[in-house]
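> For reference, the file upload-v8.txt (compact mmCIF, C-alpha atoms) is included below:
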```txt
# COMPACT_ATOMS: atom_id res chain seq x y z
CA GLN V 73 -103.27 -132.44 -27.87
CA GLY V 74 -104.90 -133.63 -24.66
CA TRP V 75 -105.34 -132.28 -21.15
CA THR V 76 -101.68 -132.52 -20.12
CA THR V 77 -100.06 -130.15 -22.60
CA SER V 78 -100.25 -127.02 -20.44
CA PHE V 79 -98.38 -128.53 -17.51
CA TRP V 80 -95.06 -128.04 -19.30
CA PRO V 81 -95.48 -124.28 -19.86
CA GLY V 82 -97.12 -124.09 -16.44
CA THR V 83 -93.95 -125.55 -14.92
CA GLN V 84 -91.88 -123.07 -16.93
CA TRP V 85 -93.92 -120.17 -15.52
CA ILE V 86 -93.32 -121.42 -11.96
CA ALA V 87 -89.61 -121.76 -12.74
CA PHE V 88 -89.56 -118.19 -14.08
CA GLU V 89 -91.30 -116.95 -10.92
CA LEU V 90 -88.79 -118.79 -8.73
CA THR V 91 -85.63 -117.80 -10.60
CA GLY V 92 -86.31 -114.76 -12.77
CA ASP V 93 -84.51 -116.62 -15.57
CA VAL V 94 -85.79 -115.20 -18.86
CA GLN V 95 -85.10 -118.48 -20.66
CA PHE V 96 -88.07 -119.98 -18.80
CA ARG V 97 -90.20 -116.94 -19.65
CA ASP V 98 -89.32 -117.02 -23.33
CA ALA V 99 -89.91 -120.78 -23.62
CA ALA V 100 -93.32 -120.45 -21.96
CA LEU V 101 -94.26 -117.52 -24.20
CA GLY V 102 -93.61 -119.75 -27.21
CA HIS V 103 -96.21 -122.16 -25.86
CA ALA V 104 -98.58 -119.27 -25.13
CA ARG V 105 -98.47 -118.23 -28.78
CA ASP V 106 -99.35 -121.76 -29.88
CA PHE V 107 -102.21 -122.01 -27.37
CA ALA V 108 -103.56 -118.73 -28.76
CA ARG V 109 -103.37 -120.18 -32.27
CA ARG V 110 -105.16 -123.35 -31.17
CA VAL V 111 -108.13 -121.59 -29.66
CA GLN V 112 -108.31 -119.16 -32.60
CA ASP V 113 -108.40 -122.12 -35.02
CA GLU V 114 -110.94 -124.07 -32.90
CA GLU V 115 -108.40 -126.86 -32.52
CA ASP V 116 -108.89 -129.54 -29.82
CA LEU V 117 -111.62 -127.66 -27.94
CA GLU V 118 -114.08 -130.54 -27.34
CA THR V 119 -113.15 -130.91 -23.67
CA HIS V 120 -113.73 -129.37 -20.26
CA ASP V 121 -109.95 -129.43 -19.82
CA LEU V 122 -109.80 -126.05 -21.50
CA GLY V 123 -109.67 -124.89 -17.87
CA PHE V 124 -106.45 -126.76 -17.12
CA LEU V 125 -105.03 -125.86 -20.51
CA TYR V 126 -105.64 -122.14 -20.67
CA THR V 127 -105.30 -121.27 -16.97
CA LEU V 128 -101.73 -122.56 -16.97
CA ALA V 129 -100.67 -121.60 -20.50
CA SER V 130 -102.51 -118.27 -21.02
CA VAL V 131 -103.82 -116.83 -17.75
CA ALA V 132 -100.35 -117.22 -16.21
CA PRO V 133 -98.58 -114.93 -18.73
CA TRP V 134 -101.41 -112.42 -18.38
CA ARG V 135 -100.98 -112.37 -14.60
CA LEU V 136 -97.17 -112.31 -14.70
CA LEU V 137 -96.51 -110.14 -17.74
CA SER V 138 -99.84 -108.45 -18.62
CA ASP V 139 -99.60 -110.24 -21.98
CA GLN V 140 -102.68 -109.07 -23.90
CA ALA V 141 -102.62 -111.84 -26.52
CA SER V 142 -102.70 -114.44 -23.75
CA ARG V 143 -105.58 -112.67 -22.02
CA ALA V 144 -107.57 -112.68 -25.27
CA ALA V 145 -106.81 -116.39 -25.81
CA ALA V 146 -107.89 -117.28 -22.28
CA LEU V 147 -111.18 -115.39 -22.65
CA ARG V 148 -111.82 -117.14 -25.96
CA ALA V 149 -111.14 -120.48 -24.24
CA ALA V 150 -113.55 -119.58 -21.43
CA ASP V 151 -116.27 -118.96 -24.00
CA ALA V 152 -115.51 -122.33 -25.63
CA LEU V 153 -115.77 -123.96 -22.20
CA MET V 154 -119.15 -122.30 -21.62
CA ARG V 155 -120.46 -124.05 -24.74
CA ARG V 156 -120.19 -127.26 -22.72
CA PHE V 157 -122.53 -126.02 -19.97
CA LEU V 158 -125.68 -128.14 -20.13
CA GLU V 159 -129.10 -126.85 -19.19
CA PRO V 160 -131.07 -127.91 -17.21
CA ALA V 161 -128.53 -130.21 -15.50
CA GLY V 162 -126.33 -127.26 -14.55
CA ILE V 163 -123.06 -129.05 -15.32
CA VAL V 164 -120.13 -128.65 -17.66
CA GLN V 165 -119.83 -131.82 -19.77
CA ALA V 166 -116.45 -133.52 -19.53
CA TRP V 167 -115.30 -134.93 -22.85
CA GLY V 168 -116.36 -135.49 -26.39
CA ASP V 169 -118.80 -134.21 -28.95
CA LEU V 170 -121.84 -132.72 -27.21
CA SER V 171 -124.10 -134.66 -29.60
CA ASP V 172 -122.54 -138.05 -28.70
CA PRO V 173 -125.08 -139.96 -26.54
CA ALA V 174 -122.30 -141.99 -24.86
CA GLN V 175 -120.64 -138.82 -23.59
CA ARG V 176 -123.65 -136.57 -23.08
CA GLY V 177 -124.38 -135.50 -19.54
CA ARG V 178 -121.16 -136.77 -17.98
CA THR V 179 -118.80 -134.82 -15.79
CA ILE V 180 -115.81 -135.96 -13.73
CA ILE V 181 -114.29 -134.84 -10.46
CA ASP V 182 -111.28 -133.39 -12.32
CA SER V 183 -113.67 -130.72 -13.64
CA LEU V 184 -113.43 -128.88 -10.32
CA MET V 185 -109.94 -127.84 -11.44
CA ASN V 186 -111.26 -126.43 -14.72
CA MET V 187 -113.61 -123.96 -13.05
CA PRO V 188 -110.90 -121.38 -12.18
CA LEU V 189 -110.76 -120.37 -15.86
CA LEU V 190 -114.43 -119.35 -15.64
CA THR V 191 -113.85 -117.61 -12.29
CA TRP V 192 -111.01 -115.64 -13.88
CA ALA V 193 -113.18 -114.77 -16.88
CA PHE V 194 -115.86 -113.43 -14.50
CA GLU V 195 -113.23 -111.34 -12.69
CA GLN V 196 -112.02 -109.94 -16.02
CA THR V 197 -115.38 -109.20 -17.61
CA GLY V 198 -117.97 -108.99 -14.84
CA GLU V 199 -120.21 -111.30 -16.89
CA GLU V 200 -122.34 -113.17 -14.37
CA ARG V 201 -122.83 -116.21 -16.65
CA TYR V 202 -119.32 -117.40 -15.85
CA ALA V 203 -119.79 -117.18 -12.07
CA ASP V 204 -123.24 -118.76 -12.30
CA ALA V 205 -121.83 -121.75 -14.19
CA VAL V 206 -119.16 -122.22 -11.51
CA ARG V 207 -121.73 -122.08 -8.70
CA ARG V 208 -124.13 -124.49 -10.33
CA HIS V 209 -121.54 -126.98 -11.53
CA THR V 210 -119.70 -127.19 -8.21
CA THR V 211 -122.97 -127.56 -6.30
CA GLN V 212 -123.93 -130.52 -8.49
CA LEU V 213 -120.57 -132.18 -7.86
CA ARG V 214 -120.81 -131.57 -4.13
CA GLU V 215 -124.25 -133.16 -4.05
CA HIS V 216 -123.61 -136.14 -6.32
CA ILE V 217 -119.93 -136.90 -6.93
CA LEU V 218 -119.03 -136.69 -3.22
CA ARG V 219 -120.46 -139.81 -1.58
CA GLU V 220 -122.00 -140.06 1.88
CA ASP V 221 -118.87 -141.74 3.24
CA ASP V 222 -116.75 -138.79 1.96
CA SER V 223 -115.17 -140.76 -0.87
CA THR V 224 -115.78 -139.64 -4.45
CA PHE V 225 -116.92 -141.03 -7.75
CA HIS V 226 -114.57 -140.36 -10.63
CA THR V 227 -117.43 -139.71 -13.02
CA PHE V 228 -121.15 -138.99 -12.81
CA TYR V 229 -123.95 -138.83 -15.37
CA TRP V 230 -126.97 -136.55 -15.60
CA ASP V 231 -129.88 -136.78 -18.03
CA ALA V 232 -129.01 -133.95 -20.39
CA GLU V 233 -132.66 -133.34 -21.31
CA THR V 234 -134.29 -133.36 -17.86
CA GLY V 235 -131.29 -132.60 -15.63
CA GLU V 236 -132.00 -135.68 -13.48
CA PRO V 237 -128.92 -137.15 -11.73
CA LEU V 238 -128.43 -140.72 -12.97
CA ARG V 239 -125.41 -142.69 -11.72
CA GLY V 240 -121.78 -142.59 -10.71
CA GLY V 241 -118.97 -144.66 -12.14
CA THR V 242 -115.29 -144.62 -12.99
CA GLU V 243 -112.99 -144.46 -15.98
CA GLN V 244 -109.65 -144.63 -14.19
CA GLY V 245 -110.36 -146.15 -10.78
CA ALA V 246 -110.28 -149.81 -9.76
CA PHE V 247 -114.08 -150.19 -10.03
CA ASP V 248 -117.18 -147.96 -9.98
CA GLN V 249 -117.55 -147.92 -6.18
CA SER V 250 -113.83 -147.62 -5.40
CA CYS V 251 -112.08 -144.31 -4.75
CA TRP V 252 -109.55 -143.31 -7.38
CA ALA V 253 -106.72 -141.58 -5.50
CA ARG V 254 -106.08 -138.75 -7.95
CA GLY V 255 -109.80 -137.99 -8.08
CA GLN V 256 -109.98 -137.69 -4.29
CA ALA V 257 -106.99 -135.34 -4.41
CA TRP V 258 -108.77 -133.24 -7.06
CA GLY V 259 -111.67 -133.09 -4.60
CA ILE V 260 -109.54 -131.66 -1.80
CA TYR V 261 -107.99 -129.02 -4.04
CA GLY V 262 -110.94 -128.32 -6.34
CA PHE V 263 -113.60 -127.89 -3.67
CA ALA V 264 -111.25 -125.55 -1.79
CA LEU V 265 -110.51 -123.43 -4.87
CA ASN V 266 -114.19 -123.15 -5.71
CA HIS V 267 -115.09 -122.25 -2.13
CA LYS V 268 -112.56 -119.43 -2.47
CA ALA V 269 -114.28 -118.32 -5.69
CA THR V 270 -117.90 -118.59 -4.55
CA GLY V 271 -117.81 -118.19 -0.79
CA ASP V 272 -120.07 -121.25 -0.46
CA PRO V 273 -119.33 -122.76 2.98
CA GLN V 274 -120.61 -126.15 1.82
CA LEU V 275 -117.72 -126.33 -0.67
CA LEU V 276 -115.27 -125.71 2.18
CA GLU V 277 -116.88 -128.58 4.06
CA ALA V 278 -116.67 -130.76 0.92
CA SER V 279 -112.92 -130.06 0.76
CA ARG V 280 -112.56 -131.01 4.42
CA ARG V 281 -114.51 -134.22 3.89
CA SER V 282 -112.41 -135.13 0.85
CA ALA V 283 -109.25 -134.48 2.86
CA GLU V 284 -110.33 -136.60 5.82
CA TYR V 285 -111.10 -139.59 3.61
CA PHE V 286 -107.85 -139.24 1.63
CA LEU V 287 -105.69 -139.00 4.75
CA ALA V 288 -107.46 -141.90 6.45
CA HIS V 289 -106.68 -144.17 3.49
CA LEU V 290 -102.97 -143.46 3.03
CA PRO V 291 -100.34 -146.14 3.60
CA SER V 292 -97.61 -145.73 6.19
CA ASP V 293 -95.33 -143.65 3.94
CA ARG V 294 -98.21 -141.17 3.30
CA VAL V 295 -98.12 -141.44 -0.51
CA PRO V 296 -101.24 -143.11 -1.95
CA PHE V 297 -101.67 -146.19 -4.05
CA TRP V 298 -103.35 -145.37 -7.38
CA ASP V 299 -106.73 -146.27 -5.86
CA LEU V 300 -107.51 -145.81 -2.17
CA VAL V 301 -108.90 -149.34 -1.88
CA TYR V 302 -105.27 -150.50 -1.67
CA THR V 303 -103.16 -150.16 1.46
CA ASP V 304 -99.95 -151.37 3.11
CA GLY V 305 -98.96 -154.82 1.87
CA SER V 306 -100.47 -154.36 -1.59
CA ASP V 307 -98.28 -154.67 -4.67
CA ALA V 308 -100.49 -152.17 -6.53
CA PRO V 309 -98.69 -149.15 -8.04
CA ARG V 310 -98.45 -145.87 -6.18
CA ASP V 311 -99.55 -142.53 -7.62
CA SER V 312 -97.12 -139.88 -6.44
CA SER V 313 -98.95 -137.29 -8.56
CA ALA V 314 -102.04 -137.75 -6.40
CA GLY V 315 -99.84 -137.07 -3.38
CA ALA V 316 -98.48 -133.86 -4.92
CA ILE V 317 -101.99 -132.65 -5.83
CA ALA V 318 -103.17 -133.42 -2.30
CA VAL V 319 -100.30 -131.38 -0.82
CA CYS V 320 -101.37 -128.36 -2.90
CA GLY V 321 -104.99 -128.94 -1.94
CA LEU V 322 -104.27 -129.27 1.77
CA LEU V 323 -102.24 -126.05 1.75
CA GLU V 324 -105.08 -124.27 -0.09
CA LEU V 325 -107.57 -125.69 2.40
CA ALA V 326 -105.39 -124.57 5.33
CA ALA V 327 -105.28 -121.02 3.95
CA LEU V 328 -109.09 -120.92 3.78
CA GLU V 329 -109.80 -122.85 6.98
CA THR V 330 -111.92 -121.08 9.61
CA ASP V 331 -110.74 -123.36 12.45
CA PRO V 332 -107.09 -122.57 13.38
CA ALA V 333 -106.49 -126.05 14.83
CA LEU V 334 -107.73 -127.67 11.63
CA ALA V 335 -105.59 -125.32 9.54
CA ASP V 336 -102.53 -126.43 11.51
CA ARG V 337 -103.49 -130.05 10.93
CA TRP V 338 -103.90 -129.63 7.17
CA ARG V 339 -100.49 -127.95 6.95
CA ALA V 340 -98.86 -130.69 9.01
CA GLU V 341 -100.41 -133.42 6.85
CA ALA V 342 -99.25 -131.61 3.71
CA ARG V 343 -95.71 -131.44 5.07
CA GLY V 344 -95.80 -135.15 5.89
CA ILE V 345 -96.80 -136.15 2.35
CA LEU V 346 -94.31 -133.73 0.79
CA THR V 347 -91.47 -134.96 3.00
CA SER V 348 -92.15 -138.52 1.81
CA LEU V 349 -92.32 -137.45 -1.85
CA ILE V 350 -88.91 -135.77 -1.51
CA ALA V 351 -87.32 -138.66 0.36
CA ASN V 352 -88.84 -141.63 -1.46
CA TYR V 353 -90.18 -140.53 -4.87
CA ALA V 354 -87.73 -137.96 -6.25
CA PRO V 355 -84.89 -139.22 -8.48
CA GLU V 356 -81.64 -139.80 -6.59
CA THR V 357 -79.86 -137.33 -8.88
CA PRO V 358 -81.17 -134.74 -11.37
CA GLU V 359 -79.55 -136.77 -14.16
CA ALA V 360 -81.39 -139.96 -13.22
CA SER V 361 -84.72 -138.93 -14.75
CA ASP V 362 -86.41 -136.18 -16.74
CA ALA V 363 -89.18 -136.24 -14.12
CA LEU V 364 -89.10 -134.37 -10.81
CA ILE V 365 -90.99 -137.19 -9.07
CA LEU V 366 -91.30 -140.83 -10.05
CA HIS V 367 -93.93 -143.55 -9.55
CA SER V 368 -97.10 -141.93 -10.88
CA VAL V 369 -99.98 -143.66 -12.65
CA TYR V 370 -101.91 -142.12 -15.53
CA ASP V 371 -104.68 -144.66 -16.33
CA LEU V 372 -104.12 -148.18 -15.01
CA PRO V 373 -107.34 -149.77 -16.36
CA LYS V 374 -106.23 -148.79 -19.87
CA ASP V 375 -102.61 -149.83 -19.18
CA ASN V 376 -101.45 -146.28 -19.87
CA GLY V 377 -98.58 -144.59 -18.03
CA ILE V 378 -98.03 -146.96 -15.12
CA ASP V 379 -95.14 -146.24 -12.72
CA GLU V 380 -93.84 -143.23 -14.60
CA GLY V 381 -93.13 -139.57 -14.12
CA THR V 382 -95.97 -137.31 -15.29
CA LEU V 383 -96.18 -133.68 -16.38
CA TRP V 384 -98.95 -132.91 -13.89
CA GLY V 385 -97.13 -134.70 -11.09
CA ASP V 386 -94.09 -132.51 -11.71
CA TYR V 387 -96.23 -129.35 -11.99
CA PHE V 388 -98.00 -129.80 -8.67
CA TYR V 389 -94.83 -131.03 -6.94
CA LEU V 390 -92.97 -127.90 -8.07
```
Rewrite the structure of this file - the entire thing - as structure tokens.


Amino acid sequence: QGWTTSFWPGTQWIAFELTGDVQFRDAALGHARDFARRVQDEEDLETHDLGFLYTLASVAPWRLLSDQASRAAALRAADALMRRFLEPAGIVQAWGDLSDPAQRGRTIIDSLMNMPLLTWAFEQTGEERYADAVRRHTTQLREHILREDDSTFHTFYWDAETGEPLRGGTEQGAFDQSCWARGQAWGIYGFALNHKATGDPQLLEASRRSAEYFLAHLPSDRVPFWDLVYTDGSDAPRDSSAGAIAVCGLLELAALETDPALADRWRAEARGILTSLIANYAPETPEASDALILHSVYDLPKDNGIDEGTLWGDYFYL
């Protein structure tokens, strides 16, 4: 259960693409069958992370192998995700029971990375409701979760009855007005991906703004602390996974960039972060750790997964 479970089969699909080794394919197909069972049985669906889960575990085998069972599972997951779209706020609710007042009306910046499942469902079916949800949700995040100084809130609340924007906060950052590093990295990557899907130039600009803030708040080795309020000299933990996500996001942004000089800059910055991850954050030998990169943080305020390898860190690094 939980949002991280697809990163393991997702990594296996990348490994299969890179090597052609059928052991990776067969292992990942085993996960795909279980993901299909889960969505069929309505198991663990009360989350916006259906996008992360089913894009990596089910859309991937459809794209790579034309696996019909995986396509059907991913479309079923997209429909479950659409149940979380709240009118009139125009957002996809993050976590929890939709009738829970404590959860109602909240989204988080990570949700940008869940939208590609709906974009894929629109491409497969032509049903405009999927594309409309992506457009409306990403516009709301651009307007409210991206702050005027180009930093981001982790989480934001809307009034679920009136659609009125209420307040920003955090669950995993240092404090409500700080800038959680992984969230800012999601902003770079997620706004770029959704610009690609919608063609909205304001989402491209939101990705640029997220990138500028992230890069301006990196320490000298170019790999962020877990929150961007910390810098050189701090003993706060690093989050290498945020660095890996930012590399992917910067490369996506560079591919979409309309200014050639800026595209070159984004690629150069991505190479700089990646070079540091390889030199300073990868295990010294493959036997030294099960993780591909070390020194990630899951959720420091809850004392969960501090200074560890993570499935998503490995996925985006690979």

> From the options V:Ile345, V:Met185, V:Ile180, V:Ala288, which residue's atoms come nearest to Val319 in chain V, counting only C-alpha atoms?

V:Ile345

> So, with only C-alpha atoms as the atoms that count, which of V:Asp272, V:Glu115, V:Glu89, V:Glu380 lies closest to Asp362 in chain V?

V:Glu380

> From the list V:Ala257, V:Ala161, V:Leu218, V:Leu349, which residue is nearest Gly241 in chain V when using only C-alpha atoms?

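Comparing V:Ala257, V:Ala161, V:Leu218, V:Leu349 against Gly241 in chain V, the winner is V:Leu218.
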
> What residues have an atom no more than 8 Å from (-124.6, -127.3, -13.7) in the file's own frame, counting all atoms listed in the file, and can you write them as a list in words?

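Looking at atoms near the point gives Phe157, Leu158, Glu159, Pro160, Ala161, Gly162, Ile163, Val164, Ala205, Val206, Arg207, Arg208, His209, Thr210, Thr211 and Gln212 of chain V.
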
> State, in Å with one decimal place, the distance from CA of Trp75 in chain V to CA of Asp139 in chain V.

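For CA of Trp75 in chain V relative to CA of Asp139 in chain V, the distance reads 22.8 Å.
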
> Identify the residues around (-117.6, -139.4, -0.8) within a radius of 12 Å, measuring from all atoms listed in the file in the coordinates stated by the file, and give them as a PDB file with C-alpha atoms, in the frame of the given file.


```pdb
ATOM      1  CA  ILE V 181    -114.290-134.840 -10.460  1.00  0.00           C
ATOM      2  CA  LEU V 213    -120.570-132.180  -7.860  1.00  0.00           C
ATOM      3  CA  ARG V 214    -120.810-131.570  -4.130  1.00  0.00           C
ATOM      4  CA  GLU V 215    -124.250-133.160  -4.050  1.00  0.00           C
ATOM      5  CA  HIS V 216    -123.610-136.140  -6.320  1.00  0.00           C
ATOM      6  CA  ILE V 217    -119.930-136.900  -6.930  1.00  0.00           C
ATOM      7  CA  LEU V 218    -119.030-136.690  -3.220  1.00  0.00           C
ATOM      8  CA  ARG V 219    -120.460-139.810  -1.580  1.00  0.00           C
ATOM      9  CA  GLU V 220    -122.000-140.060   1.880  1.00  0.00           C
ATOM     10  CA  ASP V 221    -118.870-141.740   3.240  1.00  0.00           C
ATOM     11  CA  ASP V 222    -116.750-138.790   1.960  1.00  0.00           C
ATOM     12  CA  SER V 223    -115.170-140.760  -0.870  1.00  0.00           C
ATOM     13  CA  THR V 224    -115.780-139.640  -4.450  1.00  0.00           C
ATOM     14  CA  PHE V 225    -116.920-141.030  -7.750  1.00  0.00           C
ATOM     15  CA  HIS V 226    -114.570-140.360 -10.630  1.00  0.00           C
ATOM     16  CA  GLY V 240    -121.780-142.590 -10.710  1.00  0.00           C
ATOM     17  CA  GLN V 249    -117.550-147.920  -6.180  1.00  0.00           C
ATOM     18  CA  SER V 250    -113.830-147.620  -5.400  1.00  0.00           C
ATOM     19  CA  CYS V 251    -112.080-144.310  -4.750  1.00  0.00           C
ATOM     20  CA  TRP V 252    -109.550-143.310  -7.380  1.00  0.00           C
ATOM     21  CA  GLY V 255    -109.800-137.990  -8.080  1.00  0.00           C
ATOM     22  CA  GLN V 256    -109.980-137.690  -4.290  1.00  0.00           C
ATOM     23  CA  ALA V 257    -106.990-135.340  -4.410  1.00  0.00           C
ATOM     24  CA  GLY V 259    -111.670-133.090  -4.600  1.00  0.00           C
ATOM     25  CA  ILE V 260    -109.540-131.660  -1.800  1.00  0.00           C
ATOM     26  CA  GLU V 277    -116.880-128.580   4.060  1.00  0.00           C
ATOM     27  CA  ALA V 278    -116.670-130.760   0.920  1.00  0.00           C
ATOM     28  CA  SER V 279    -112.920-130.060   0.760  1.00  0.00           C
ATOM     29  CA  ARG V 280    -112.560-131.010   4.420  1.00  0.00           C
ATOM     30  CA  ARG V 281    -114.510-134.220   3.890  1.00  0.00           C
ATOM     31  CA  SER V 282    -112.410-135.130   0.850  1.00  0.00           C
ATOM     32  CA  ALA V 283    -109.250-134.480   2.860  1.00  0.00           C
ATOM     33  CA  GLU V 284    -110.330-136.600   5.820  1.00  0.00           C
ATOM     34  CA  TYR V 285    -111.100-139.590   3.610  1.00  0.00           C
ATOM     35  CA  PHE V 286    -107.850-139.240   1.630  1.00  0.00           C
TER      36      PHE V 286
END
```

> Kindly give the distance, in Å, that separates CA of Gly262 in chain V and CA of Ser183 in chain V, rounded to a single decimal.

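Pair CA of Gly262 in chain V / CA of Ser183 in chain V returns 8.2 Å.
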
> Skip Tyr202 in chain V itself and residues of its chain fewer than 3 positions away, then list as a compact mmCIF listing (two decimals) with C-alpha atoms, in the coordinates of the input all residues within 12 Å of it, counting all atoms listed in the file.


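File written: part.txt
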```txt
# COMPACT_ATOMS: atom_id res chain seq x y z
CA LEU V 147 -111.18 -115.39 -22.65
CA ALA V 150 -113.55 -119.58 -21.43
CA ASP V 151 -116.27 -118.96 -24.00
CA ALA V 152 -115.51 -122.33 -25.63
CA LEU V 153 -115.77 -123.96 -22.20
CA MET V 154 -119.15 -122.30 -21.62
CA ARG V 155 -120.46 -124.05 -24.74
CA PHE V 157 -122.53 -126.02 -19.97
CA VAL V 164 -120.13 -128.65 -17.66
CA MET V 187 -113.61 -123.96 -13.05
CA PRO V 188 -110.90 -121.38 -12.18
CA LEU V 189 -110.76 -120.37 -15.86
CA LEU V 190 -114.43 -119.35 -15.64
CA THR V 191 -113.85 -117.61 -12.29
CA TRP V 192 -111.01 -115.64 -13.88
CA ALA V 193 -113.18 -114.77 -16.88
CA PHE V 194 -115.86 -113.43 -14.50
CA GLU V 195 -113.23 -111.34 -12.69
CA GLN V 196 -112.02 -109.94 -16.02
CA THR V 197 -115.38 -109.20 -17.61
CA GLY V 198 -117.97 -108.99 -14.84
CA GLU V 199 -120.21 -111.30 -16.89
CA ALA V 205 -121.83 -121.75 -14.19
CA VAL V 206 -119.16 -122.22 -11.51
CA ARG V 207 -121.73 -122.08 -8.70
CA ARG V 208 -124.13 -124.49 -10.33
CA HIS V 209 -121.54 -126.98 -11.53
CA ALA V 269 -114.28 -118.32 -5.69
CA THR V 270 -117.90 -118.59 -4.55
```

> Which residues are close to Thr303 in chain V, i.e. within 10 Å by all atoms listed in the file, leaving aside same-chain residues fewer than 5 positions away? Reply as a ChimeraX atom specification.

/V:289-292,296-297,308,310

> Which distance in Å separates CA of Ser313 in chain V and CA of Ala253 in chain V, to one decimal?

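According to the coordinates, CA of Ser313 in chain V and CA of Ala253 in chain V are separated by 9.4 Å.
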
> Set the distance at 10 Å and use all atoms listed in the file: which residues neighbour Gln140 in chain V once local chain neighbours fewer than 6 positions away are removed? I'd like the list as a count of residues only.

5

> Which residue is closest to Asp299 in chain V? Choose from V:Gly245, V:Gly82, V:Pro373, V:Gly168 and count all atoms listed in the file.

V:Gly245
